[in-house]
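The structure file model-v7.pdb is reproduced below (PDB, N, CA and C atoms).
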ATOM      1  N   MET A   1     -11.464  65.683   3.330
ATOM      2  CA  MET A   1     -11.414  64.445   2.580
ATOM      3  C   MET A   1     -12.071  63.341   3.388
ATOM      4  N   ALA A   2     -12.881  62.561   2.733
ATOM      5  CA  ALA A   2     -13.614  61.482   3.393
ATOM      6  C   ALA A   2     -12.644  60.412   3.899
ATOM      7  N   SER A   3     -13.017  59.770   4.984
ATOM      8  CA  SER A   3     -12.161  58.757   5.587
ATOM      9  C   SER A   3     -12.446  57.358   5.035
ATOM     10  N   PHE A   4     -13.094  57.280   3.884
ATOM     11  CA  PHE A   4     -13.428  56.003   3.270
ATOM     12  C   PHE A   4     -13.404  56.169   1.754
ATOM     13  N   THR A   5     -13.359  55.041   1.064
ATOM     14  CA  THR A   5     -13.451  55.056  -0.398
ATOM     15  C   THR A   5     -14.429  53.967  -0.821
ATOM     16  N   PHE A   6     -15.081  54.204  -1.923
ATOM     17  CA  PHE A   6     -16.046  53.255  -2.468
ATOM     18  C   PHE A   6     -15.458  52.516  -3.654
ATOM     19  N   THR A   7     -15.884  51.285  -3.805
ATOM     20  CA  THR A   7     -15.763  50.570  -5.071
ATOM     21  C   THR A   7     -17.188  50.524  -5.614
ATOM     22  N   PRO A   8     -17.385  50.206  -6.878
ATOM     23  CA  PRO A   8     -18.770  50.144  -7.381
ATOM     24  C   PRO A   8     -19.664  49.202  -6.570
ATOM     25  N   GLU A   9     -19.108  48.080  -6.149
ATOM     26  CA  GLU A   9     -19.899  47.109  -5.379
ATOM     27  C   GLU A   9     -20.228  47.620  -3.975
ATOM     28  N   THR A  10     -19.227  48.171  -3.275
ATOM     29  CA  THR A  10     -19.490  48.654  -1.918
ATOM     30  C   THR A  10     -20.382  49.891  -1.938
ATOM     31  N   ALA A  11     -20.277  50.715  -2.964
ATOM     32  CA  ALA A  11     -21.141  51.897  -3.065
ATOM     33  C   ALA A  11     -22.601  51.474  -3.142
ATOM     34  N   LYS A  12     -22.873  50.428  -3.905
ATOM     35  CA  LYS A  12     -24.243  49.935  -4.047
ATOM     36  C   LYS A  12     -24.770  49.401  -2.717
ATOM     37  N   ARG A  13     -23.949  48.634  -2.010
ATOM     38  CA  ARG A  13     -24.373  48.061  -0.729
ATOM     39  C   ARG A  13     -24.592  49.138   0.329
ATOM     40  N   VAL A  14     -23.698  50.128   0.382
ATOM     41  CA  VAL A  14     -23.845  51.211   1.355
ATOM     42  C   VAL A  14     -25.089  52.033   1.045
ATOM     43  N   LYS A  15     -25.355  52.271  -0.215
ATOM     44  CA  LYS A  15     -26.561  53.017  -0.598
ATOM     45  C   LYS A  15     -27.809  52.306  -0.093
ATOM     46  N   ILE A  16     -27.869  51.001  -0.276
ATOM     47  CA  ILE A  16     -29.019  50.226   0.201
ATOM     48  C   ILE A  16     -29.173  50.370   1.709
ATOM     49  N   LYS A  17     -28.062  50.257   2.433
ATOM     50  CA  LYS A  17     -28.122  50.332   3.892
ATOM     51  C   LYS A  17     -28.527  51.721   4.376
ATOM     52  N   VAL A  18     -27.952  52.767   3.785
ATOM     53  CA  VAL A  18     -28.267  54.130   4.217
ATOM     54  C   VAL A  18     -29.725  54.458   3.908
ATOM     55  N   LEU A  19     -30.198  54.087   2.731
ATOM     56  CA  LEU A  19     -31.589  54.379   2.387
ATOM     57  C   LEU A  19     -32.567  53.539   3.209
ATOM     58  N   ARG A  20     -32.139  52.381   3.671
ATOM     59  CA  ARG A  20     -32.978  51.573   4.549
ATOM     60  C   ARG A  20     -33.098  52.242   5.923
ATOM     61  N   LYS A  21     -32.004  52.817   6.392
ATOM     62  CA  LYS A  21     -32.017  53.466   7.703
ATOM     63  C   LYS A  21     -32.699  54.832   7.656
ATOM     64  N   TYR A  22     -32.469  55.583   6.589
ATOM     65  CA  TYR A  22     -33.021  56.933   6.453
ATOM     66  C   TYR A  22     -33.941  56.967   5.236
ATOM     67  N   ARG A  23     -35.139  56.488   5.392
ATOM     68  CA  ARG A  23     -36.082  56.387   4.271
ATOM     69  C   ARG A  23     -36.426  57.731   3.657
ATOM     70  N   GLU A  24     -36.359  58.788   4.441
ATOM     71  CA  GLU A  24     -36.695  60.123   3.922
ATOM     72  C   GLU A  24     -35.697  60.594   2.861
ATOM     73  N   LEU A  25     -34.560  59.930   2.755
ATOM     74  CA  LEU A  25     -33.557  60.311   1.756
ATOM     75  C   LEU A  25     -33.824  59.688   0.383
ATOM     76  N   ALA A  26     -34.819  58.834   0.277
ATOM     77  CA  ALA A  26     -35.094  58.154  -0.990
ATOM     78  C   ALA A  26     -35.429  59.141  -2.107
ATOM     79  N   LYS A  27     -35.986  60.287  -1.768
ATOM     80  CA  LYS A  27     -36.363  61.274  -2.777
ATOM     81  C   LYS A  27     -35.202  62.162  -3.203
ATOM     82  N   GLU A  28     -34.109  62.106  -2.459
ATOM     83  CA  GLU A  28     -32.951  62.958  -2.735
ATOM     84  C   GLU A  28     -32.060  62.326  -3.794
ATOM     85  N   ASN A  29     -31.348  63.164  -4.522
ATOM     86  CA  ASN A  29     -30.422  62.700  -5.553
ATOM     87  C   ASN A  29     -29.026  62.592  -4.938
ATOM     88  N   LEU A  30     -28.760  61.466  -4.292
ATOM     89  CA  LEU A  30     -27.479  61.255  -3.622
ATOM     90  C   LEU A  30     -26.537  60.483  -4.533
ATOM     91  N   SER A  31     -25.280  60.864  -4.506
ATOM     92  CA  SER A  31     -24.288  60.255  -5.388
ATOM     93  C   SER A  31     -23.443  59.244  -4.621
ATOM     94  N   PHE A  32     -23.856  57.988  -4.664
ATOM     95  CA  PHE A  32     -23.093  56.892  -4.061
ATOM     96  C   PHE A  32     -22.211  56.297  -5.149
ATOM     97  N   ALA A  33     -21.164  57.002  -5.523
ATOM     98  CA  ALA A  33     -20.296  56.534  -6.603
ATOM     99  C   ALA A  33     -18.840  56.723  -6.202
ATOM    100  N   PRO A  34     -17.978  55.834  -6.673
ATOM    101  CA  PRO A  34     -16.551  56.008  -6.395
ATOM    102  C   PRO A  34     -16.070  57.364  -6.902
ATOM    103  N   GLY A  35     -15.320  58.053  -6.059
ATOM    104  CA  GLY A  35     -14.798  59.367  -6.418
ATOM    105  C   GLY A  35     -15.647  60.520  -5.926
ATOM    106  N   ASN A  36     -16.875  60.249  -5.495
ATOM    107  CA  ASN A  36     -17.776  61.300  -5.012
ATOM    108  C   ASN A  36     -18.010  61.211  -3.510
ATOM    109  N   GLU A  37     -17.085  60.632  -2.787
ATOM    110  CA  GLU A  37     -17.261  60.418  -1.355
ATOM    111  C   GLU A  37     -17.423  61.732  -0.590
ATOM    112  N   ASP A  38     -16.587  62.738  -0.908
ATOM    113  CA  ASP A  38     -16.665  64.018  -0.201
ATOM    114  C   ASP A  38     -18.005  64.709  -0.448
ATOM    115  N   GLN A  39     -18.470  64.655  -1.680
ATOM    116  CA  GLN A  39     -19.759  65.260  -2.028
ATOM    117  C   GLN A  39     -20.885  64.563  -1.271
ATOM    118  N   LEU A  40     -20.828  63.243  -1.177
ATOM    119  CA  LEU A  40     -21.841  62.486  -0.457
ATOM    120  C   LEU A  40     -21.861  62.868   1.023
ATOM    121  N   VAL A  41     -20.693  62.974   1.634
ATOM    122  CA  VAL A  41     -20.625  63.354   3.048
ATOM    123  C   VAL A  41     -21.231  64.739   3.248
ATOM    124  N   ASP A  42     -20.920  65.683   2.382
ATOM    125  CA  ASP A  42     -21.490  67.026   2.482
ATOM    126  C   ASP A  42     -23.012  66.993   2.368
ATOM    127  N   GLN A  43     -23.521  66.231   1.411
ATOM    128  CA  GLN A  43     -24.973  66.134   1.231
ATOM    129  C   GLN A  43     -25.636  65.519   2.458
ATOM    130  N   LEU A  44     -25.064  64.442   2.971
ATOM    131  CA  LEU A  44     -25.668  63.761   4.110
ATOM    132  C   LEU A  44     -25.605  64.598   5.380
ATOM    133  N   THR A  45     -24.518  65.337   5.597
ATOM    134  CA  THR A  45     -24.454  66.185   6.789
ATOM    135  C   THR A  45     -25.550  67.244   6.752
ATOM    136  N   HIS A  46     -25.799  67.778   5.582
ATOM    137  CA  HIS A  46     -26.845  68.795   5.439
ATOM    138  C   HIS A  46     -28.240  68.180   5.608
ATOM    139  N   LEU A  47     -28.502  67.070   4.923
ATOM    140  CA  LEU A  47     -29.838  66.466   4.950
ATOM    141  C   LEU A  47     -30.184  65.838   6.298
ATOM    142  N   LEU A  48     -29.201  65.232   6.948
ATOM    143  CA  LEU A  48     -29.448  64.580   8.233
ATOM    144  C   LEU A  48     -29.266  65.516   9.419
ATOM    145  N   LYS A  49     -28.718  66.702   9.149
ATOM    146  CA  LYS A  49     -28.429  67.678  10.211
ATOM    147  C   LYS A  49     -27.531  67.060  11.286
ATOM    148  N   ARG A  50     -26.491  66.370  10.812
ATOM    149  CA  ARG A  50     -25.494  65.736  11.673
ATOM    150  C   ARG A  50     -24.117  66.242  11.284
ATOM    151  N   ASP A  51     -23.141  66.005  12.123
ATOM    152  CA  ASP A  51     -21.787  66.451  11.791
ATOM    153  C   ASP A  51     -21.075  65.414  10.924
ATOM    154  N   VAL A  52     -19.936  65.822  10.390
ATOM    155  CA  VAL A  52     -19.163  64.986   9.460
ATOM    156  C   VAL A  52     -18.732  63.691  10.135
ATOM    157  N   ARG A  53     -18.316  63.768  11.397
ATOM    158  CA  ARG A  53     -17.857  62.568  12.109
ATOM    159  C   ARG A  53     -18.951  61.503  12.171
ATOM    160  N   TYR A  54     -20.192  61.919  12.453
ATOM    161  CA  TYR A  54     -21.292  60.965  12.534
ATOM    162  C   TYR A  54     -21.549  60.306  11.181
ATOM    163  N   VAL A  55     -21.582  61.105  10.120
ATOM    164  CA  VAL A  55     -21.854  60.571   8.783
ATOM    165  C   VAL A  55     -20.753  59.597   8.368
ATOM    166  N   GLU A  56     -19.500  59.974   8.585
ATOM    167  CA  GLU A  56     -18.401  59.078   8.224
ATOM    168  C   GLU A  56     -18.405  57.813   9.072
ATOM    169  N   PHE A  57     -18.743  57.934  10.351
ATOM    170  CA  PHE A  57     -18.838  56.763  11.217
ATOM    171  C   PHE A  57     -19.911  55.804  10.703
ATOM    172  N   THR A  58     -21.067  56.344  10.315
ATOM    173  CA  THR A  58     -22.162  55.529   9.816
ATOM    174  C   THR A  58     -21.773  54.801   8.531
ATOM    175  N   ILE A  59     -21.118  55.498   7.632
ATOM    176  CA  ILE A  59     -20.707  54.876   6.367
ATOM    177  C   ILE A  59     -19.607  53.849   6.605
ATOM    178  N   ASN A  60     -18.646  54.165   7.463
ATOM    179  CA  ASN A  60     -17.588  53.196   7.780
ATOM    180  C   ASN A  60     -18.167  51.943   8.436
ATOM    181  N   LYS A  61     -19.197  52.110   9.239
ATOM    182  CA  LYS A  61     -19.851  50.970   9.869
ATOM    183  C   LYS A  61     -20.509  50.088   8.806
ATOM    184  N   ALA A  62     -21.113  50.712   7.802
ATOM    185  CA  ALA A  62     -21.721  49.948   6.714
ATOM    186  C   ALA A  62     -20.656  49.242   5.883
ATOM    187  N   LEU A  63     -19.520  49.885   5.708
ATOM    188  CA  LEU A  63     -18.431  49.287   4.931
ATOM    189  C   LEU A  63     -17.740  48.140   5.669
ATOM    190  N   ALA A  64     -17.809  48.124   6.975
ATOM    191  CA  ALA A  64     -17.150  47.089   7.772
ATOM    192  C   ALA A  64     -17.712  45.707   7.458
ATOM    193  N   ASP A  65     -19.003  45.650   7.186
ATOM    194  CA  ASP A  65     -19.653  44.374   6.848
ATOM    195  C   ASP A  65     -20.630  44.631   5.703
ATOM    196  N   PRO A  66     -20.122  44.737   4.479
ATOM    197  CA  PRO A  66     -20.994  45.107   3.349
ATOM    198  C   PRO A  66     -22.080  44.068   3.032
ATOM    199  N   ASP A  67     -21.880  42.808   3.446
ATOM    200  CA  ASP A  67     -22.872  41.780   3.135
ATOM    201  C   ASP A  67     -23.885  41.595   4.252
ATOM    202  N   GLY A  68     -23.663  42.217   5.404
ATOM    203  CA  GLY A  68     -24.584  42.077   6.528
ATOM    204  C   GLY A  68     -25.744  43.052   6.418
ATOM    205  N   ASN A  69     -26.715  42.884   7.289
ATOM    206  CA  ASN A  69     -27.886  43.756   7.307
ATOM    207  C   ASN A  69     -27.748  44.947   8.230
ATOM    208  N   ARG A  70     -26.810  44.911   9.148
ATOM    209  CA  ARG A  70     -26.692  45.985  10.140
ATOM    210  C   ARG A  70     -26.044  47.220   9.557
ATOM    211  N   LEU A  71     -26.468  48.357  10.086
ATOM    212  CA  LEU A  71     -25.843  49.627   9.742
ATOM    213  C   LEU A  71     -25.392  50.315  10.989
TER
END
Translate the structure described by the file into structure tokens.
Amino acid sequence: MASFTFTPETAKRVKIKVLRKYRELAKENLSFAPGNEDQLVDQLTHLLKRDVRYVEFTINKALADPDGNRL
């Protein structure tokens, strides 16, 4: 189970930040929607070739300041 949850607004902001950091993911069909957090983590771990902890850390960092530019 993912260590974070999305609202429609935060999902949109996190999507912008993740796609800004990982431009190669723009062609992928990623689901940044409330309720699909586990599926998103699975997709990102596979596409980024990183472990679950890294992906969740990155998303939690984006959620910490949804209005900022940093990821």
Using only C-alpha atoms, which residues sit within 10 Å of A:Pro34 once same-chain residues fewer than 5 positions away are excluded, as a ChimeraX atom specification? /A:5-11
Any chance you could resolve the PyMOL selection byres (((chain A and resi 4 and name CA) around 12) and name CA) against this file and give the residues as a list in words? Met1, Ala2, Ser3, Thr5, Phe6, Thr7, Thr10, Ala11, Val14, Pro34, Gly35, Asn36, Glu37, Asp38, Leu40, Val41, Arg53, Val55, Glu56, Phe57, Thr58, Ile59, Asn60, Lys61, Ala62, Leu63 and Ala64 of chain A
DSSP on the backbone: what in chain A comes out helix (DSSP H, G or I), as a ChimeraX atom specification? /A:8-21,23-27,37-48,52-64
Go through A:Val52, A:Pro66, A:Lys12, A:Thr45 one by one, measure the shortest atom-to-atom distance of each to A:Ser31 using only C-alpha atoms, and give the residue with the smallest value. A:Lys12
